[in-house]
$ cat coords34.txt   # compact mmCIF, C-alpha atoms and all ligand atoms
# COMPACT_ATOMS: atom_id res chain seq x y z
CA MET A 1 0.00 0.00 0.00
CA PRO A 2 1.39 3.45 -0.86
CA ASP A 3 2.25 5.89 1.93
CA PRO A 4 -1.05 7.51 2.84
CA ARG A 5 -1.92 10.76 4.57
CA PRO A 6 -1.58 10.88 8.38
CA VAL A 7 -4.28 9.08 10.33
CA PRO A 8 -6.31 11.96 11.82
CA PRO A 9 -7.90 11.99 15.28
CA GLY A 10 -10.95 9.74 15.07
CA GLY A 11 -9.08 7.31 12.82
CA ALA A 12 -8.40 3.71 13.83
CA VAL A 13 -5.13 1.94 14.62
CA GLY A 14 -5.05 -1.85 14.27
CA ILE A 15 -2.82 -3.62 16.78
CA LEU A 16 -1.72 -7.21 16.22
CA GLY A 17 -1.31 -8.86 19.60
CA GLY A 18 -3.27 -8.27 22.79
CA GLY A 19 -0.77 -8.41 25.66
CA GLN A 20 0.19 -5.61 28.02
CA LEU A 21 2.15 -3.82 25.31
CA GLY A 22 -0.97 -3.72 23.13
CA ARG A 23 -2.97 -2.53 26.10
CA MET A 24 -0.63 0.39 26.77
CA LEU A 25 -0.46 1.23 23.04
CA ALA A 26 -4.26 1.32 22.87
CA ALA A 27 -4.47 3.54 25.96
CA ALA A 28 -1.91 5.95 24.47
CA ALA A 29 -3.76 6.02 21.14
CA SER A 30 -6.98 6.96 22.92
CA GLU A 31 -5.16 9.94 24.50
CA LEU A 32 -4.59 11.23 20.97
CA GLY A 33 -8.26 10.81 20.04
CA LEU A 34 -7.61 7.67 17.99
CA LYS A 35 -9.62 4.45 18.04
CA THR A 36 -8.01 1.01 18.29
CA HIS A 37 -8.83 -2.46 17.03
CA VAL A 38 -6.90 -5.31 18.67
CA PHE A 39 -6.42 -8.67 16.90
CA CYS A 40 -5.44 -11.56 19.18
CA PRO A 41 -6.16 -15.30 19.35
CA ASP A 42 -6.55 -15.19 23.13
CA HIS A 43 -10.11 -14.53 24.42
CA ASP A 44 -9.16 -12.63 27.54
CA ALA A 45 -6.20 -10.65 26.20
CA PRO A 46 -5.29 -7.66 28.44
CA ALA A 47 -5.54 -5.18 25.55
CA PHE A 48 -9.21 -5.97 24.90
CA ASP A 49 -10.19 -4.12 28.10
CA VAL A 50 -9.11 -0.77 26.68
CA ALA A 51 -9.50 -1.17 22.88
CA THR A 52 -12.40 0.19 20.84
CA ALA A 53 -12.85 -3.07 18.90
CA ARG A 54 -11.53 -6.62 19.03
CA THR A 55 -11.08 -9.62 16.78
CA VAL A 56 -10.46 -13.00 18.37
CA ALA A 57 -8.85 -15.14 15.66
CA GLY A 58 -5.63 -16.95 14.84
CA TYR A 59 -2.72 -15.23 13.08
CA ASP A 60 -3.21 -17.75 10.25
CA ASP A 61 -6.88 -16.83 9.70
CA GLU A 62 -6.48 -14.91 6.44
CA LYS A 63 -10.16 -13.94 6.17
CA ALA A 64 -10.15 -12.46 9.67
CA LEU A 65 -6.83 -10.68 9.01
CA ALA A 66 -8.14 -9.10 5.80
CA ALA A 67 -11.38 -7.95 7.48
CA PHE A 68 -9.37 -6.54 10.39
CA ALA A 69 -7.06 -4.67 8.01
CA ARG A 70 -10.00 -3.15 6.13
CA SER A 71 -11.55 -1.90 9.39
CA VAL A 72 -8.57 0.31 10.34
CA ASP A 73 -6.39 3.09 8.85
CA VAL A 74 -3.03 1.58 9.79
CA VAL A 75 -1.77 -1.67 11.36
CA THR A 76 1.07 -2.13 13.80
CA PHE A 77 2.35 -4.91 16.07
CA GLU A 78 2.82 -5.36 19.77
CA PHE A 79 4.92 -8.48 19.30
CA GLU A 80 7.14 -9.73 16.53
CA ASN A 81 6.35 -13.41 16.23
CA VAL A 82 3.56 -13.03 13.72
CA PRO A 83 3.73 -15.40 10.71
CA ALA A 84 5.22 -13.67 7.67
CA ARG A 85 2.09 -14.53 5.68
CA ALA A 86 -0.03 -12.50 8.15
CA GLY A 87 2.11 -9.44 7.38
CA GLU A 88 1.57 -9.97 3.64
CA VAL A 89 -2.22 -10.30 3.98
CA LEU A 90 -2.38 -7.14 6.09
CA ALA A 91 -0.07 -5.13 3.84
CA ALA A 92 -2.24 -5.96 0.80
CA ASN A 93 -5.14 -4.17 2.48
CA VAL A 94 -3.78 -1.35 4.63
CA PRO A 95 -0.49 0.45 5.43
CA VAL A 96 1.56 -1.64 7.89
CA TYR A 97 4.28 -0.16 10.13
CA PRO A 98 6.95 -1.23 10.86
CA ASN A 99 7.32 -2.95 7.48
CA PRO A 100 6.95 -6.74 7.61
CA GLN A 101 10.57 -7.21 6.43
CA ALA A 102 11.81 -5.55 9.64
CA LEU A 103 9.68 -8.01 11.57
CA ALA A 104 11.09 -10.92 9.59
CA VAL A 105 14.65 -9.90 10.49
CA ALA A 106 13.82 -9.53 14.17
CA GLN A 107 12.10 -12.94 14.22
CA ASP A 108 15.22 -14.77 13.21
CA ARG A 109 18.31 -14.46 15.41
CA LEU A 110 20.59 -15.48 12.54
CA ALA A 111 19.18 -12.88 10.10
CA GLU A 112 19.26 -10.27 12.87
CA LYS A 113 22.88 -10.87 13.92
CA THR A 114 24.01 -11.14 10.29
CA LEU A 115 22.43 -7.80 9.36
CA ILE A 116 23.88 -6.04 12.39
CA GLN A 117 27.33 -7.47 11.71
CA GLU A 118 27.09 -6.36 8.08
CA LEU A 119 26.42 -2.83 9.33
CA GLY A 120 29.79 -3.01 11.09
CA ILE A 121 28.17 -3.01 14.54
CA PRO A 122 29.76 -5.47 17.00
CA VAL A 123 27.80 -8.54 18.13
CA PRO A 124 28.95 -11.46 20.31
CA PRO A 125 30.84 -14.06 18.20
CA PHE A 126 28.21 -16.47 16.83
CA ALA A 127 27.80 -19.44 14.50
CA ALA A 128 24.77 -20.88 12.69
CA VAL A 129 23.62 -24.28 13.94
CA ASN A 130 21.45 -26.46 11.70
CA GLU A 131 22.33 -29.84 13.15
CA ALA A 132 24.05 -31.19 16.26
CA ARG A 133 27.50 -31.42 14.69
CA ASP A 134 27.47 -27.68 13.88
CA ILE A 135 27.64 -27.06 17.63
CA TYR A 136 31.06 -28.72 17.83
CA SER A 137 32.52 -26.60 15.03
CA GLY A 138 30.78 -23.52 16.45
CA LEU A 139 32.32 -24.09 19.86
CA GLY A 140 35.71 -24.01 18.15
CA ARG A 141 35.00 -20.41 17.21
CA ALA A 142 32.79 -19.19 20.07
CA GLY A 143 34.65 -21.03 22.87
CA ARG A 144 33.09 -22.02 26.20
CA PRO A 145 30.95 -21.00 27.96
CA ALA A 146 28.53 -20.44 25.09
CA VAL A 147 24.78 -20.09 24.71
CA LEU A 148 22.72 -22.08 22.21
CA LYS A 149 19.65 -20.04 21.18
CA THR A 150 16.82 -21.10 18.87
CA ARG A 151 16.70 -18.93 15.76
CA ARG A 152 12.98 -18.37 16.18
CA LEU A 153 10.42 -17.78 18.93
CA GLY A 154 12.92 -17.24 21.73
CA TYR A 155 12.36 -14.50 24.30
CA ASP A 156 13.15 -13.87 27.96
CA GLY A 157 15.68 -16.71 27.92
CA LYS A 158 13.23 -19.25 26.46
CA GLY A 159 14.71 -21.54 23.82
CA GLN A 160 18.23 -21.11 25.27
CA ALA A 161 20.72 -23.55 26.75
CA ALA A 162 24.16 -22.81 28.18
CA ILE A 163 27.17 -24.98 27.25
CA ARG A 164 29.87 -24.75 29.90
CA THR A 165 33.16 -26.57 30.31
CA GLY A 166 32.39 -30.28 30.64
CA ASP A 167 28.79 -29.98 29.36
CA ASP A 168 27.67 -32.37 26.63
CA PRO A 169 26.66 -30.19 23.62
CA SER A 170 24.12 -32.79 22.47
CA HIS A 171 22.28 -32.27 25.75
CA ALA A 172 21.89 -28.53 24.95
CA TRP A 173 20.74 -29.49 21.45
CA ARG A 174 18.00 -31.70 22.91
CA LEU A 175 17.06 -29.01 25.46
CA ILE A 176 16.25 -26.47 22.72
CA GLY A 177 14.20 -29.05 20.81
CA GLU A 178 16.75 -29.88 18.09
CA GLN A 179 15.82 -26.91 15.91
CA PRO A 180 17.78 -24.33 13.87
CA ALA A 181 19.76 -22.19 16.28
CA ILE A 182 22.74 -19.94 16.76
CA LEU A 183 25.63 -20.63 19.08
CA GLU A 184 26.85 -17.48 20.76
CA SER A 185 29.84 -16.74 23.00
CA PHE A 186 28.89 -16.05 26.58
CA VAL A 187 29.56 -12.36 27.16
CA ASP A 188 31.15 -11.25 30.42
CA PHE A 189 29.47 -7.85 30.42
CA ARG A 190 29.76 -4.93 32.86
CA CYS A 191 26.05 -4.20 32.42
CA GLU A 192 23.10 -4.52 30.07
CA LEU A 193 21.75 -1.43 28.34
CA SER A 194 19.00 -0.68 25.87
CA VAL A 195 18.32 2.15 23.50
CA LEU A 196 15.02 3.13 21.93
CA VAL A 197 14.91 4.94 18.62
CA ALA A 198 11.80 6.43 17.05
CA ARG A 199 11.67 6.92 13.28
CA ASP A 200 8.86 8.63 11.40
CA ARG A 201 7.55 8.02 7.88
CA GLN A 202 9.86 10.70 6.46
CA GLY A 203 12.93 9.08 8.02
CA ALA A 204 13.47 11.55 10.89
CA THR A 205 14.82 9.83 14.00
CA LEU A 206 15.18 10.60 17.66
CA THR A 207 16.37 8.56 20.62
CA TYR A 208 15.40 8.24 24.26
CA ASP A 209 17.90 8.30 27.10
CA VAL A 210 19.78 5.00 27.37
CA ALA A 211 18.38 2.56 29.94
CA GLN A 212 20.38 0.27 32.22
CA ASN A 213 18.76 -3.10 32.80
CA ARG A 214 19.04 -5.79 35.42
CA HIS A 215 17.69 -9.23 34.58
CA GLU A 216 16.77 -12.03 36.94
CA ARG A 217 16.58 -15.51 35.46
CA HIS A 218 16.72 -13.98 31.96
CA VAL A 219 13.68 -11.75 32.62
CA LEU A 220 13.93 -7.97 32.99
CA ALA A 221 13.60 -7.10 36.69
CA GLU A 222 14.59 -3.43 36.85
CA THR A 223 15.51 -0.53 34.59
CA THR A 224 17.41 2.53 35.83
CA VAL A 225 17.68 5.83 33.97
CA PRO A 226 20.06 7.54 33.60
CA ALA A 227 22.40 4.61 33.00
CA ALA A 228 25.80 4.71 34.72
CA ILE A 229 27.75 5.24 31.48
CA ASP A 230 29.99 7.92 30.06
CA ALA A 231 28.93 10.36 27.35
CA ALA A 232 30.81 8.51 24.57
CA THR A 233 29.07 5.20 25.37
CA ASP A 234 25.73 6.98 25.51
CA GLU A 235 26.29 8.51 22.09
CA ALA A 236 27.54 5.20 20.64
CA ALA A 237 24.41 3.40 21.88
CA ARG A 238 22.13 6.01 20.29
CA GLN A 239 24.05 5.80 16.99
CA ILE A 240 23.68 2.02 16.93
CA GLY A 241 19.91 2.38 17.33
CA VAL A 242 19.63 4.95 14.57
CA ARG A 243 21.80 2.97 12.12
CA ILE A 244 19.75 -0.20 12.59
CA ALA A 245 16.44 1.69 12.23
CA GLU A 246 17.68 3.31 9.02
CA ALA A 247 18.95 0.02 7.59
CA LEU A 248 15.51 -1.53 8.14
CA ASP A 249 13.68 1.56 6.77
CA TYR A 250 11.88 1.31 10.06
CA VAL A 251 8.79 3.31 11.09
CA GLY A 252 7.79 3.26 14.76
CA VAL A 253 9.88 2.69 17.86
CA LEU A 254 12.66 0.10 17.81
CA ALA A 255 14.50 -1.18 20.88
CA VAL A 256 18.08 -2.45 20.78
CA GLU A 257 19.41 -4.52 23.69
CA LEU A 258 23.13 -4.11 24.30
CA PHE A 259 25.91 -5.60 26.40
CA LEU A 260 28.52 -3.13 27.68
CA VAL A 261 31.86 -4.92 27.79
CA ASP A 262 35.12 -3.62 29.24
CA ARG A 263 38.05 -4.31 26.92
CA PRO A 264 41.67 -3.24 27.30
CA GLU A 265 41.06 -0.65 24.56
CA GLY A 266 38.00 0.73 26.40
CA PRO A 267 34.27 0.04 26.73
CA VAL A 268 32.60 -1.70 23.77
CA LEU A 269 28.90 -2.15 23.01
CA LEU A 270 27.70 -5.48 21.57
CA VAL A 271 24.16 -5.88 20.27
CA ASN A 272 22.27 -8.74 21.92
CA GLU A 273 18.98 -8.38 20.05
CA ILE A 274 16.49 -5.96 18.59
CA ALA A 275 12.77 -5.66 19.32
CA PRO A 276 10.64 -4.11 16.54
CA ARG A 277 8.10 -2.66 18.96
CA VAL A 278 7.69 -0.90 22.26
CA HIS A 279 9.89 -2.50 24.91
CA ASN A 280 9.69 -3.32 28.62
CA SER A 281 12.88 -1.37 29.37
CA PHE A 282 11.20 1.87 28.22
CA HIS A 283 8.07 1.66 30.36
CA TRP A 284 9.68 4.43 32.46
CA THR A 285 8.89 6.86 29.64
CA GLN A 286 5.23 6.79 30.74
CA ASP A 287 6.05 8.86 33.82
CA ALA A 288 9.55 10.31 33.38
CA ALA A 289 9.50 11.55 29.77
CA LEU A 290 7.35 14.10 27.97
CA THR A 291 6.24 11.56 25.36
CA SER A 292 5.88 7.92 26.34
CA GLN A 293 7.21 5.20 24.05
CA PHE A 294 3.60 4.09 23.49
CA GLU A 295 2.44 7.50 22.31
CA GLN A 296 5.63 7.86 20.26
CA HIS A 297 5.01 4.59 18.44
CA VAL A 298 1.40 5.57 17.70
CA ARG A 299 2.54 8.97 16.44
CA ALA A 300 5.16 7.43 14.13
CA VAL A 301 2.92 4.76 12.59
CA CYS A 302 0.07 7.27 12.15
CA GLY A 303 2.28 9.76 10.31
CA TRP A 304 2.14 12.37 13.08
CA PRO A 305 5.12 14.51 14.10
CA LEU A 306 7.29 12.70 16.64
CA GLY A 307 6.85 13.89 20.22
CA ASP A 308 9.55 15.33 22.49
CA PRO A 309 11.36 12.37 24.16
CA CYS A 310 12.92 14.63 26.81
CA ARG A 311 13.29 12.94 30.23
CA HIS A 312 12.30 15.19 33.12
CA SER A 313 13.10 12.87 36.08
CA ASP A 314 15.54 10.19 37.12
CA VAL A 315 13.59 6.97 37.41
CA VAL A 316 13.69 3.29 38.32
CA MET A 317 11.16 0.95 36.69
CA THR A 318 10.50 -2.32 38.50
CA ASN A 319 8.54 -5.16 36.93
CA LEU A 320 5.84 -6.78 39.05
CA LEU A 321 6.23 -10.48 38.32
CA GLY A 322 3.83 -13.16 39.56
CA GLU A 323 2.61 -12.63 43.11
CA SER A 324 4.51 -9.34 43.60
CA ALA A 325 1.53 -7.47 42.14
CA ALA A 326 -0.54 -8.66 45.12
CA ARG A 327 1.07 -5.74 47.03
CA TRP A 328 -0.83 -3.29 44.83
CA GLN A 329 -2.35 -1.41 47.80
CA VAL A 330 1.08 -0.67 49.30
CA LEU A 331 2.53 0.27 45.92
CA ALA A 332 -0.45 2.47 45.06
CA GLY A 333 0.22 4.55 48.18
CA GLU A 334 3.98 5.03 47.72
CA PRO A 335 5.13 8.61 47.17
CA ARG A 336 6.73 9.53 43.82
CA THR A 337 5.60 6.16 42.46
CA ARG A 338 3.28 5.41 39.56
CA LEU A 339 1.65 1.98 39.50
CA HIS A 340 0.67 0.28 36.24
CA LEU A 341 -1.30 -2.98 36.29
CA TYR A 342 -2.16 -5.03 33.23
CA GLY A 343 -5.51 -6.48 34.31
CA LYS A 344 -4.35 -10.11 34.10
CA ARG A 345 -6.45 -12.43 36.26
CA GLU A 346 -3.97 -15.22 36.94
CA ALA A 347 -0.62 -14.41 38.63
CA ARG A 348 1.45 -17.34 37.38
CA PRO A 349 5.06 -17.37 38.69
CA GLY A 350 7.23 -15.03 36.62
CA ARG A 351 4.27 -13.63 34.66
CA LYS A 352 4.45 -9.89 33.97
CA MET A 353 1.48 -8.49 35.95
CA GLY A 354 2.41 -4.81 36.04
CA HIS A 355 5.25 -2.41 36.81
CA VAL A 356 6.01 0.62 38.95
CA ASN A 357 7.94 3.74 37.96
CA ARG A 358 9.64 5.32 40.95
CA LEU A 359 10.78 8.90 40.32
CA ALA A 360 13.85 10.20 42.12
CA GLY A 361 13.61 13.38 44.15
CA PRO A 362 12.14 14.70 47.38
CA SER A 363 9.28 12.62 48.74
CA ALA A 364 7.50 15.69 50.18
CA SER A 365 4.73 16.67 47.81
CA ALA A 366 4.11 20.22 46.65
CA GLY A 367 0.42 19.33 46.37
CA LYS A 368 -1.99 19.75 49.28
CA GLY A 369 -3.93 16.82 50.73
P1 LIG B 401 17.79 -12.86 25.11
O1 LIG B 401 16.54 -13.68 25.10
O2 LIG B 401 18.74 -13.20 24.03
O3 LIG B 401 17.51 -11.38 25.20
O4 LIG B 401 18.53 -13.21 26.49
C1 LIG B 401 17.95 -12.89 27.73
C2 LIG B 401 19.04 -12.54 28.72
O5 LIG B 401 19.98 -13.64 28.84
C3 LIG B 401 19.89 -11.35 28.33
O6 LIG B 401 19.28 -10.13 28.66
C4 LIG B 401 21.16 -11.63 29.14
O7 LIG B 401 20.95 -11.29 30.51
C5 LIG B 401 21.30 -13.13 29.02
N1 LIG B 401 22.11 -13.47 27.84
C6 LIG B 401 21.67 -13.71 26.58
N2 LIG B 401 22.70 -13.95 25.74
C7 LIG B 401 23.82 -13.85 26.46
C8 LIG B 401 25.22 -13.98 26.16
N3 LIG B 401 25.67 -14.28 24.93
N4 LIG B 401 26.11 -13.79 27.17
C9 LIG B 401 25.69 -13.49 28.41
N5 LIG B 401 24.39 -13.37 28.76
C10 LIG B 401 23.47 -13.53 27.81

$ encode --input "coords34.txt" --output "C-alpha cells"
Amino acid sequence: MPDPRPVPPGGAVGILGGGQLGRMLAAAASELGLKTHVFCPDHDAPAFDVATARTVAGYDDEKALAAFARSVDVVTFEFENVPARAGEVLAANVPVYPNPQALAVAQDRLAEKTLIQELGIPVPPFAAVNEARDIYSGLGRAGRPAVLKTRRLGYDGKGQAAIRTGDDPSHAWRLIGEQPAILESFVDFRCELSVLVARDRQGATLTYDVAQNRHERHVLAETTVPAAIDAATDEAARQIGVRIAEALDYVGVLAVELFLVDRPEGPVLLVNEIAPRVHNSFHWTQDAALTSQFEQHVRAVCGWPLGDPCRHSDVVMTNLLGESAARWQVLAGEPRTRLHLYGKREARPGRKMGHVNRLAGPSASAGKG
C-alpha cells in the first residue's frame, strides 16, 4: 500500500497482539483521540479491556486478518512473532508499520545478527547451527561458555541452553528441541543497556535516554535511567539504534538490547537483540519523559510529528512479576511512584502483571492533601 496521509484523530489503529504492550499502546492512542482495534487469538487478552474493537482469531486466519485490516487506517504490532504470511495479507489491504521485512529480520536471530554485523556493529561471536555437529565446530569459534539459542520464537531466555566446560553439547541441542539455532559466545558484560529509537515516515529519527537493565533468570527485573555510562558510550548506543532503524527503513519505535563490555582498549557495546516494537525497558517513559514510548510509536505509525522524548526525572522501573503485584495497595500509596497494572487475572510465577515507575527526588509533595 502506498504511503497515505496521516491518520487523523478519530481514525483507527489496528494492533496485532493483545498483551500488556498492546494494552498500553491502545491507551496511548486513545489519548490522541484515535480508536483502536486489537487482533489476538486469546479470548481474555489484556488489551481488549481498553481497545475500541476486538477480533479473536488466529494469526493464520487470512479472512479475519483481511477484514481486520479493512476496518482500520493503519496496522502495527505489539509483538514480533507473527507469521510472515499474516504481514503480507495485512499489507495488501492497509499500510503496515513497521514494514513486515523488519519483523522478519527480528524474528530470526541469525538474520538479525548477520544484518547487524554487516552494518559493522559489533555482536557477540556467533555461528549458525542447523544440526548437532554444527555445535562442535561452532564451539571451536565461540569457545566455552557459550549459549545455544533457537533462531525463532525465543524470548526472555526461552529456547536457550548454556554450554559450559564439561557440558555435553548434544544435551543442549535436545534441550532447545533440536531446531535451527545460533551458538553465541557467553559475554562477560559490565552491564546490560538498551536504547530506543523512534523513526517517522519521512525518516526523521530521535532517541530516548539510554536505559540500564538488570535481569533475573533472563527476565527484565529493573531498569534505571540515567544509565551509569559515560557520554561517549551513551552517544555510541544512540548511533547504533539509529543505524539499525535506518537500515531496516523502520517506522515506529525500535528497541536495541546491548551488552557493555570492558576491553583493554576501552568500553565496547555489543548488540544482543532488537525488538521491533515498544519494549519493557522503556516503560519508564510513561512517567519520566514528555512523550511515552507508546504514544511515540502511535505517532510514528500514524504519520504524526514525533513527540519530544525529553526525560524530566531520574527513574527506576520495576517489573511486578507473579505474586509481587498482590502488594498493589502498598505500591499504590507510595510517594513519587506510579503503578501500572495489566488487568491479568492469573498471577502465574514469573508472569508480567504490572510495573512501577519510581521517580527520584524529594518525597515531600508540593500538592496539598
Ligand atoms: P535474550 O533472550 O537473548 O535477550 O537473552 C535474555 C538474557 O539472557 C539477556 O538479557 C542476558 O541477561 C542473558 N544473555 C543472553 N545472551 C547472552 C550472552 N551471549 N552472554 C551473556 N548473557 C546472555

$ closest_residue --input "coords34.txt" --among "A:Ala332, A:Ala326, A:Val187, A:Leu306" --to "ligand LIG 401 (chain B)" --atoms "only C-alpha atoms and all ligand atoms"
A:Val187

$ residues_around --input "coords34.txt" --residues "Gly203 in chain A" --least-positions-apart "2" --cutoff "9 Å" --atoms "all atoms listed in the file" --output "PyMOL selection string"
chain A and resi 199-201+205+246+249-251

$ residues_around --input "coords34.txt" --residues "range 55-66 of chain A" --least-positions-apart "5" --cutoff "9 Å" --atoms "all atoms listed in the file" --output "PyMOL selection string"
chain A and resi 16+37-43+71+82-83+85-86+89-90+92-94

$ closest_residue --input "coords34.txt" --among "A:Gly140, A:Pro226, A:Pro125, A:Gly10" --to "ligand LIG 401 (chain B)" --atoms "all atoms listed in the file"
A:Pro125

$ residues_near_ligand --input "coords34.txt" --ligand "ligand LIG 401 (chain B)" --cutoff "9 Å" --atoms "all atoms listed in the file" --output "count of residues only"
39

$ closest_residue --input "coords34.txt" --among "A:Pro309, A:Pro95, A:Gly252, A:Pro100" --to "Asp287 in chain A" --atoms "all atoms listed in the file"
A:Pro309

$ residues_around --input "coords34.txt" --residues "Ala28 in chain A" --least-positions-apart "5" --cutoff "8 Å" --atoms "all atoms listed in the file" --output "list in words"
Phe294, Glu295 and Val298 of chain A

$ residues_near_point --input "coords34.txt" --point "(26.8, -34.3, 16.0)" --cutoff "12 Å" --atoms "only C-alpha atoms" --output "list in words"
Val129, Asn130, Glu131, Ala132, Arg133, Asp134, Ile135, Tyr136, Ser137, Gly138, Asp168, Pro169, Ser170, His171, Ala172, Trp173, Arg174 and Glu178 of chain A

$ residues_near_point --input "coords34.txt" --point "(15.7, -2.2, 17.4)" --cutoff "12 Å" --atoms "only C-alpha atoms" --output "VMD selection string"
chain A and resid 80 98 102 to 103 105 to 107 112 to 113 115 to 116 194 to 199 207 237 to 258 271 to 279

$ write_last_selection --input "coords34.txt" --atoms "C-alpha atoms" --output "compact mmCIF listing (two decimals), keeping the file's coordinate frame"
# COMPACT_ATOMS: atom_id res chain seq x y z
CA GLU A 80 7.14 -9.73 16.53
CA PRO A 98 6.95 -1.23 10.86
CA ALA A 102 11.81 -5.55 9.64
CA LEU A 103 9.68 -8.01 11.57
CA VAL A 105 14.65 -9.90 10.49
CA ALA A 106 13.82 -9.53 14.17
CA GLN A 107 12.10 -12.94 14.22
CA GLU A 112 19.26 -10.27 12.87
CA LYS A 113 22.88 -10.87 13.92
CA LEU A 115 22.43 -7.80 9.36
CA ILE A 116 23.88 -6.04 12.39
CA SER A 194 19.00 -0.68 25.87
CA VAL A 195 18.32 2.15 23.50
CA LEU A 196 15.02 3.13 21.93
CA VAL A 197 14.91 4.94 18.62
CA ALA A 198 11.80 6.43 17.05
CA ARG A 199 11.67 6.92 13.28
CA THR A 207 16.37 8.56 20.62
CA ALA A 237 24.41 3.40 21.88
CA ARG A 238 22.13 6.01 20.29
CA GLN A 239 24.05 5.80 16.99
CA ILE A 240 23.68 2.02 16.93
CA GLY A 241 19.91 2.38 17.33
CA VAL A 242 19.63 4.95 14.57
CA ARG A 243 21.80 2.97 12.12
CA ILE A 244 19.75 -0.20 12.59
CA ALA A 245 16.44 1.69 12.23
CA GLU A 246 17.68 3.31 9.02
CA ALA A 247 18.95 0.02 7.59
CA LEU A 248 15.51 -1.53 8.14
CA ASP A 249 13.68 1.56 6.77
CA TYR A 250 11.88 1.31 10.06
CA VAL A 251 8.79 3.31 11.09
CA GLY A 252 7.79 3.26 14.76
CA VAL A 253 9.88 2.69 17.86
CA LEU A 254 12.66 0.10 17.81
CA ALA A 255 14.50 -1.18 20.88
CA VAL A 256 18.08 -2.45 20.78
CA GLU A 257 19.41 -4.52 23.69
CA LEU A 258 23.13 -4.11 24.30
CA VAL A 271 24.16 -5.88 20.27
CA ASN A 272 22.27 -8.74 21.92
CA GLU A 273 18.98 -8.38 20.05
CA ILE A 274 16.49 -5.96 18.59
CA ALA A 275 12.77 -5.66 19.32
CA PRO A 276 10.64 -4.11 16.54
CA ARG A 277 8.10 -2.66 18.96
CA VAL A 278 7.69 -0.90 22.26
CA HIS A 279 9.89 -2.50 24.91

$ atom_distance --input "coords34.txt" --atom1 "CA of Glu346 in chain A" --atom2 "CA of Gln20 in chain A"
13.8 Å

$ closest_residue --input "coords34.txt" --among "A:Arg345, A:Arg336, A:His283, A:Arg351" --to "Met24 in chain A" --atoms "only C-alpha atoms"
A:His283

$ build_atoms --input "coords34.txt" --residues "range 176-188 of chain A" --atoms "N, CA, C and O atoms" --output "PDB file, in the coordinates of the input"
ATOM      1  N   ILE A 176      16.920 -27.504  23.541  1.00  0.00           N
ATOM      2  CA  ILE A 176      16.250 -26.470  22.720  1.00  0.00           C
ATOM      3  C   ILE A 176      15.350 -27.091  21.651  1.00  0.00           C
ATOM      4  O   ILE A 176      14.825 -26.386  20.787  1.00  0.00           O
ATOM      5  N   GLY A 177      15.157 -28.408  21.721  1.00  0.00           N
ATOM      6  CA  GLY A 177      14.200 -29.050  20.810  1.00  0.00           C
ATOM      7  C   GLY A 177      14.749 -29.374  19.444  1.00  0.00           C
ATOM      8  O   GLY A 177      13.989 -29.520  18.485  1.00  0.00           O
ATOM      9  N   GLU A 178      16.095 -29.469  19.335  1.00  0.00           N
ATOM     10  CA  GLU A 178      16.750 -29.880  18.090  1.00  0.00           C
ATOM     11  C   GLU A 178      16.232 -29.078  16.892  1.00  0.00           C
ATOM     12  O   GLU A 178      15.737 -29.627  15.923  1.00  0.00           O
ATOM     13  N   GLN A 179      16.293 -27.757  17.000  1.00  0.00           N
ATOM     14  CA  GLN A 179      15.820 -26.910  15.910  1.00  0.00           C
ATOM     15  C   GLN A 179      16.892 -25.898  15.518  1.00  0.00           C
ATOM     16  O   GLN A 179      17.837 -25.661  16.278  1.00  0.00           O
ATOM     17  N   PRO A 180      16.754 -25.280  14.319  1.00  0.00           N
ATOM     18  CA  PRO A 180      17.780 -24.330  13.870  1.00  0.00           C
ATOM     19  C   PRO A 180      18.065 -23.294  14.947  1.00  0.00           C
ATOM     20  O   PRO A 180      17.148 -22.770  15.589  1.00  0.00           O
ATOM     21  N   ALA A 181      19.351 -23.015  15.130  1.00  0.00           N
ATOM     22  CA  ALA A 181      19.760 -22.190  16.280  1.00  0.00           C
ATOM     23  C   ALA A 181      20.989 -21.379  15.923  1.00  0.00           C
ATOM     24  O   ALA A 181      21.560 -21.521  14.829  1.00  0.00           O
ATOM     25  N   ILE A 182      21.403 -20.526  16.851  1.00  0.00           N
ATOM     26  CA  ILE A 182      22.740 -19.940  16.760  1.00  0.00           C
ATOM     27  C   ILE A 182      23.480 -20.261  18.052  1.00  0.00           C
ATOM     28  O   ILE A 182      22.863 -20.382  19.117  1.00  0.00           O
ATOM     29  N   LEU A 183      24.772 -20.436  17.906  1.00  0.00           N
ATOM     30  CA  LEU A 183      25.630 -20.630  19.080  1.00  0.00           C
ATOM     31  C   LEU A 183      26.368 -19.315  19.283  1.00  0.00           C
ATOM     32  O   LEU A 183      26.944 -18.764  18.342  1.00  0.00           O
ATOM     33  N   GLU A 184      26.321 -18.821  20.503  1.00  0.00           N
ATOM     34  CA  GLU A 184      26.850 -17.480  20.760  1.00  0.00           C
ATOM     35  C   GLU A 184      27.813 -17.545  21.939  1.00  0.00           C
ATOM     36  O   GLU A 184      27.546 -18.247  22.920  1.00  0.00           O
ATOM     37  N   SER A 185      28.915 -16.828  21.858  1.00  0.00           N
ATOM     38  CA  SER A 185      29.840 -16.740  23.000  1.00  0.00           C
ATOM     39  C   SER A 185      29.109 -16.152  24.191  1.00  0.00           C
ATOM     40  O   SER A 185      28.310 -15.224  24.036  1.00  0.00           O
ATOM     41  N   PHE A 186      29.407 -16.656  25.369  1.00  0.00           N
ATOM     42  CA  PHE A 186      28.890 -16.050  26.580  1.00  0.00           C
ATOM     43  C   PHE A 186      29.652 -14.753  26.812  1.00  0.00           C
ATOM     44  O   PHE A 186      30.878 -14.724  26.745  1.00  0.00           O
ATOM     45  N   VAL A 187      28.931 -13.677  27.040  1.00  0.00           N
ATOM     46  CA  VAL A 187      29.560 -12.360  27.160  1.00  0.00           C
ATOM     47  C   VAL A 187      29.692 -11.991  28.639  1.00  0.00           C
ATOM     48  O   VAL A 187      28.704 -11.992  29.375  1.00  0.00           O
ATOM     49  N   ASP A 188      30.899 -11.666  29.045  1.00  0.00           N
ATOM     50  CA  ASP A 188      31.150 -11.250  30.420  1.00  0.00           C
ATOM     51  C   ASP A 188      30.991  -9.730  30.474  1.00  0.00           C
ATOM     52  O   ASP A 188      31.957  -8.989  30.391  1.00  0.00           O
TER      53      ASP A 188
END
